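The structure under discussion appears below in the form of structure tokens.
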Amino acid sequence: MSLRFVLPLTIALCLIAYALVPITDSLTLRWFTRDVDIRAKLVANTLQESLASLIEARSVTRIDALLNRAIQDERLYAIGFCNSQGRVQFKTITYPKFIECPQTSGPEVANYVVDLPQGHLHVASHPILGSERYLGQLVLVHDMSFVRLRSADTKWYIVYLFLGLGGVISILTVLIARLSWLGWVNGMRSMLRGDGLLGPGRVLESAELQPIAKDLRLMIKDLEDERRARDENRVSWSSKSLKDILQRELKGDEILIVSNREPYIHVHRGESIETQFPASGLVTALEPIMRACSGTWIAHGSGNADREVVDKFDHVQVPPSDPSYQVRRVWLTPEEEQGYYYGFSNEGMWPLCHIAHVRPIFRSEDWAHYVSVNEKFAQAVIEEASSDNPVILVQDYHFALLPKMIRERLPNATVITFWHIPFPNSEVFGICPWREKILEGMLGSSILGFHTLSHCHNFLDAVDRFLESRIDREFSTVSYRNQLTAINHYPISIEYPNRWQSSLKPVGECRANIRSRHGLSANHHIGIGVDRLDYTKGILEKFRAVERFLELESQWIGKFTFIQIAAPSRSSIEQYKQFEVEARALAAKINHRFGREGYSPILLQIEHHEPESVYEHYRAADFCFVNSLHDGMNLVAKEFVAIRDDEGGSLILSQFTGAARELHEALIVNPYDIDQCAGALKIALEMSERQQKHRISSMRGYIQEFNVYRWAGRMLLDAARIRRRSRLFGQVDSVSVKVSDTQEHHKLHKGLRGQV
């Protein structure tokens, strides 16, 4: 009996819902068309005065700039201006070819909608009046593809509504026929509690209602879980939330990372092969992203055992303990490595971009190797890409030419280039003999990212000075040879929480271990510095600050030691060889002056340290000293703060790091002011636990919210928006090609004029 009633009712409601779908489409389109009409009128009124004055002044460049700024709105697709003779005089690059000027004899308003396979374009023309005469028509083209998406959502809402309504009506009718009103009310209350169906003073056993109660409880649980997951993703950026973004915004899209440094290096250790995690801020930031994306990382195979662990396609699965992505290794000859990496990249570009008073060296043979290696990596990208439109993340100054090379071979690819080091002002950048080639290569990117706004401005100034291009500083874009590049700042960060954090020893045990390892007493105070052995890191300035501190505060002699971990770097370059000699000599001089038997105020460790060892030093130290003379960001500062879950210790941070713009609770110093740095050492060593906790807790909260997943997520969301707009451009261009110079073309425009 129940089935005979429920089935016809459900079918009837489904038919009603189906009949309402065309009405819904019509109403939705009508509502949104009216809204866009109003919006178009508002935009036209806003542009009227400025455009009229510019047309009368015949300022073509400023008219183009005005129209291109206006279409930055995500729904305003294109703008054109038709003169009084009915010809298109000015237009944006997105203006569709098949939209002609309105056939009007004067200042009339015209609106109509063009149907496309993937949505609609709304075309509105508004008169532009000059001071004394009618100048022409402003044609505004709005993207209405969102109407189709919202209409589809509305259809499903109606279907679900009627299905749900049919189910509820059916259930209510059947239950009312079987239960008394009081029994029904009590039964519903019991269902939601999950206790069974209670009648007045007794338990009712109902085979039909028990499944309904179970389904209701499951539905409520699913809704609560979905809401909780959504809220958590909005608040907390993690590997999971990054995966959600990839699945939602870039579903099915391929992710490739290109960098010079590889995330894992295989080296011979005796008769075995050892896997090392390199000391690199770039790797520290990108490695957790790749674990979340499960894509391919293309890098230079630099380890002496790298060739022995790859397959026939030069791939190796990593991480070794839990493989989640693959590394494609690119092999370089010794001559290529010397010219491309040690020569042009690190004797030329590195000192050029870092204001560290080391003269850059540029050689034509180094440039030739730089070009050829960029070509080699471009070929590797083509070989690894399984589609014609992958998302490619190009990393750092080693590959300034690569974005353009990729764009020439994969024009549909979305290339995100991130410049991890500072970008100098245009006057300094002008030193580079191949400055135009460098800028052209970088402008092959869809998105070009820097750490700070000042670096973005420096890049735009360089482009403005050395290339003929169109720059929109308000929206931070560069249009060069019909290629639009967005210039944005994305302050890089670290993984939070750190994947090693759960396996680290307690802070007290770390303090005891490190002091015992270096022959120090339990209450001995320790400062820590962790850097590559590089002249930009301010290592000599740290040592001089320690020397000055001990001069001023002699009571700390014998009670304080500064440990400097310095990973060997670019040791074949003469400046780095000389720098190592200077660092060792200065440390020895200070130790000779203030040290005694069993005590050295500076412990310089020029050797590779695994992450676990570095983190143990962080947790054991009373403070961390980051003293870069110039740095894009510096992730050591963020690592130290993040790893101190005891909320103890202090951070001394150079004002010339990008991190100083974010970690305001650190002790900010000028590395060139030795007395100020010495004073910061005293403050750090004597700071109360309460103040340490306040400062570290605040910085940890910031790093937790603005972690590396958020950094990557912002870039990938921007890439997704660019890809959506590119697809719409493609659809419109496809329609234009099909209808141009054909009879259908003329019919279409005749029909559109009829609608107007």
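In the structure tokens, chains take the letters A, B, ... in the order shown, each chain's residues start at 1, and ligands count up from 1 in the order shown.
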Distance query range 505-509 of chain A at most 12 Å, only C-alpha atoms, self and fewer than 5 positions along chain excluded, as a list in words: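 Near neighbours after the sequence-gap exclusion: Trp500, Ile514, Arg515, Ser516, Ala522, Asn523, Glu612, Ser613, Tyr615, Glu616, His617, Tyr618, Arg619, Ala620, Ala621, Asp622, Ile643, Arg644, Asp645, Asp646, Glu647, Gly648 and Gly649 of chain A.
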Could you save the residues just selected, with C-alpha atoms, as a JSON list (two decimals), in the first residue's frame?
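Result file result39.json:
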[["chain", "number", "residue", "atom", "x", "y", "z"],
["A", 500, "TRP", "CA", 60.25, 15.94, 11.72],
["A", 514, "ILE", "CA", 74.26, 19.60, 22.42],
["A", 515, "ARG", "CA", 76.13, 20.88, 25.47],
["A", 516, "SER", "CA", 77.56, 17.44, 26.15],
["A", 522, "ALA", "CA", 74.71, 22.16, 31.64],
["A", 523, "ASN", "CA", 74.07, 25.86, 32.35],
["A", 612, "GLU", "CA", 67.39, 16.42, 12.49],
["A", 613, "SER", "CA", 70.77, 17.68, 13.72],
["A", 615, "TYR", "CA", 66.62, 21.13, 14.54],
["A", 616, "GLU", "CA", 68.27, 19.70, 17.65],
["A", 617, "HIS", "CA", 70.62, 22.71, 17.71],
["A", 618, "TYR", "CA", 67.63, 25.06, 17.30],
["A", 619, "ARG", "CA", 65.89, 23.50, 20.30],
["A", 620, "ALA", "CA", 69.06, 23.61, 22.41],
["A", 621, "ALA", "CA", 69.93, 27.27, 21.74],
["A", 622, "ASP", "CA", 69.08, 30.33, 23.79],
["A", 643, "ILE", "CA", 60.57, 24.21, 15.84],
["A", 644, "ARG", "CA", 60.47, 25.86, 19.29],
["A", 645, "ASP", "CA", 57.21, 24.31, 20.49],
["A", 646, "ASP", "CA", 58.37, 25.12, 24.05],
["A", 647, "GLU", "CA", 57.98, 28.80, 23.04],
["A", 648, "GLY", "CA", 61.43, 29.55, 24.41],
["A", 649, "GLY", "CA", 64.48, 31.26, 22.94]]
Running DSSP on the backbone, which parts of range 443-540 of chain A land in alpha helix (DSSP H), as a VMD selection string? chain A and resid 453 to 466 507 to 517 539 to 540
Quick one: residues within 8 Å of range 547-560 of chain A, only C-alpha atoms, excluding same-chain residues fewer than 5 positions away - as an mmCIF file with N, CA and C atoms, in the first residue's frame?
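This went into around_27.cif:
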data_model
loop_
_atom_site.group_PDB
_atom_site.id
_atom_site.type_symbol
_atom_site.label_atom_id
_atom_site.label_comp_id
_atom_site.auth_asym_id
_atom_site.auth_seq_id
_atom_site.Cartn_x
_atom_site.Cartn_y
_atom_site.Cartn_z
ATOM 1 N N HIS A 524 75.574 26.304 30.488
ATOM 2 C CA HIS A 524 76.275 27.147 29.516
ATOM 3 C C HIS A 524 75.271 27.693 28.505
ATOM 4 N N HIS A 525 75.398 28.978 28.132
ATOM 5 C CA HIS A 525 74.476 29.610 27.180
ATOM 6 C C HIS A 525 75.002 29.442 25.753
ATOM 7 N N ILE A 526 74.053 29.203 24.851
ATOM 8 C CA ILE A 526 74.419 28.915 23.453
ATOM 9 C C ILE A 526 73.591 29.790 22.518
ATOM 10 N N GLY A 527 74.277 30.351 21.517
ATOM 11 C CA GLY A 527 73.604 30.978 20.380
ATOM 12 C C GLY A 527 73.876 30.143 19.143
ATOM 13 N N ILE A 590 89.227 35.458 17.307
ATOM 14 C CA ILE A 590 88.356 35.741 18.462
ATOM 15 C C ILE A 590 88.530 34.672 19.534
ATOM 16 N N PHE A 594 89.617 35.493 23.415
ATOM 17 C CA PHE A 594 88.731 35.333 24.563
ATOM 18 C C PHE A 594 88.664 33.894 25.083
ATOM 19 N N GLY A 595 89.233 32.953 24.351
ATOM 20 C CA GLY A 595 89.124 31.561 24.765
ATOM 21 C C GLY A 595 90.179 31.179 25.784
ATOM 22 N N TYR A 599 87.509 26.027 26.397
ATOM 23 C CA TYR A 599 86.438 26.990 26.067
ATOM 24 C C TYR A 599 86.801 27.798 24.829
ATOM 25 N N SER A 600 85.864 27.852 23.872
ATOM 26 C CA SER A 600 85.987 28.705 22.686
ATOM 27 C C SER A 600 84.676 29.464 22.534
ATOM 28 N N PRO A 601 84.711 30.768 22.412
ATOM 29 C CA PRO A 601 83.452 31.529 22.270
ATOM 30 C C PRO A 601 82.755 31.311 20.932
ATOM 31 N N ILE A 674 77.691 46.948 14.246
ATOM 32 C CA ILE A 674 78.228 45.907 15.125
ATOM 33 C C ILE A 674 77.810 46.141 16.576
ATOM 34 N N ASP A 675 77.803 47.391 17.042
ATOM 35 C CA ASP A 675 77.399 47.679 18.414
ATOM 36 C C ASP A 675 75.930 47.325 18.645
ATOM 37 N N ALA A 678 75.701 43.583 18.932
ATOM 38 C CA ALA A 678 76.214 43.141 20.228
ATOM 39 C C ALA A 678 75.183 43.399 21.320
ATOM 40 N N GLY A 679 74.501 44.539 21.233
ATOM 41 C CA GLY A 679 73.448 44.824 22.199
ATOM 42 C C GLY A 679 72.297 43.841 22.100
ATOM 43 N N LEU A 681 72.572 40.720 21.249
ATOM 44 C CA LEU A 681 73.016 39.483 21.893
ATOM 45 C C LEU A 681 72.766 39.546 23.401
ATOM 46 N N LYS A 682 73.075 40.675 24.009
ATOM 47 C CA LYS A 682 72.861 40.842 25.450
ATOM 48 C C LYS A 682 71.373 40.732 25.790
#
12 Å contact set for Glu474 in chain A, only C-alpha atoms, chain neighbours under 5 positions out, as a list of chain:residue names: A:Ala65, A:Leu66, A:Asn68, A:Arg69, A:Ala70, A:Gln72, A:His457, A:Leu460, A:Ala486, A:Ile487, A:Asn488
Taking only residues of range 439-536 of chain A that have an atom at most 9 Å from an atom of range 603-608 of chain A, what is each one's shortest atom pair and its distance in Å to one decimal, using only C-alpha atoms, in chain and number order, as a Markdown table?
| residue | atom | partner | partner_atom | distance |
| --- | --- | --- | --- | --- |
| A:His518 | CA | A:Leu603 | CA | 8.9 |
| A:Arg532 | CA | A:Ile606 | CA | 8.9 |
| A:Leu533 | CA | A:Ile606 | CA | 7.5 |
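Each of A:Val123, A:Leu47, A:Leu246, A:Val60 was checked against Ala292 in chain A using only C-alpha atoms; the smallest atom-to-atom distance is that of A:Leu246.
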Hey, what's within 10 Å of Ala413 in chain A if we count only C-alpha atoms and toss same-chain stuff fewer than 6 positions away? As a list in words, please?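 Everything that qualifies: Glu254, Ala385, Ser387, Asp388, Asn389, Pro390, Val391, Ile392, Pro403, Ile406, Arg407, Ser445, Ser446 and Arg723 of chain A.
Proximity of A:Arg544, A:Ser469, A:Tyr535, A:His357 to Ser569 in chain A, computed with only C-alpha atoms, is greatest for A:Tyr535.
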Measuring atom to atom with only C-alpha atoms, identify which of A:Ala660, A:Cys624, A:Ala637, A:Ala712 is nearest to Leu685 in chain A. A:Cys624
Rank nothing, just name the residue among A:Leu286, A:His398, A:Pro323, A:Glu347 nearest to His300 in chain A, using only C-alpha atoms. A:His398
Tell me, as a ChimeraX atom specification, which residues lie within 12 Å of Asp673 in chain A, counting only C-alpha atoms; anything in the same chain fewer than 2 positions away does not count. /A:538,541-542,544-545,548,627,629,654-655,668-671,675-680
Who sits within 12 Å of range 361-369 of chain A, only C-alpha atoms, same chain under 3 positions skipped, as a count of residues only: 41
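Taking only C-alpha atoms into account, Trp297 in chain A lies nearest to A:Arg328 out of the set A:Arg473, A:Lys638, A:Arg328, A:Arg724.
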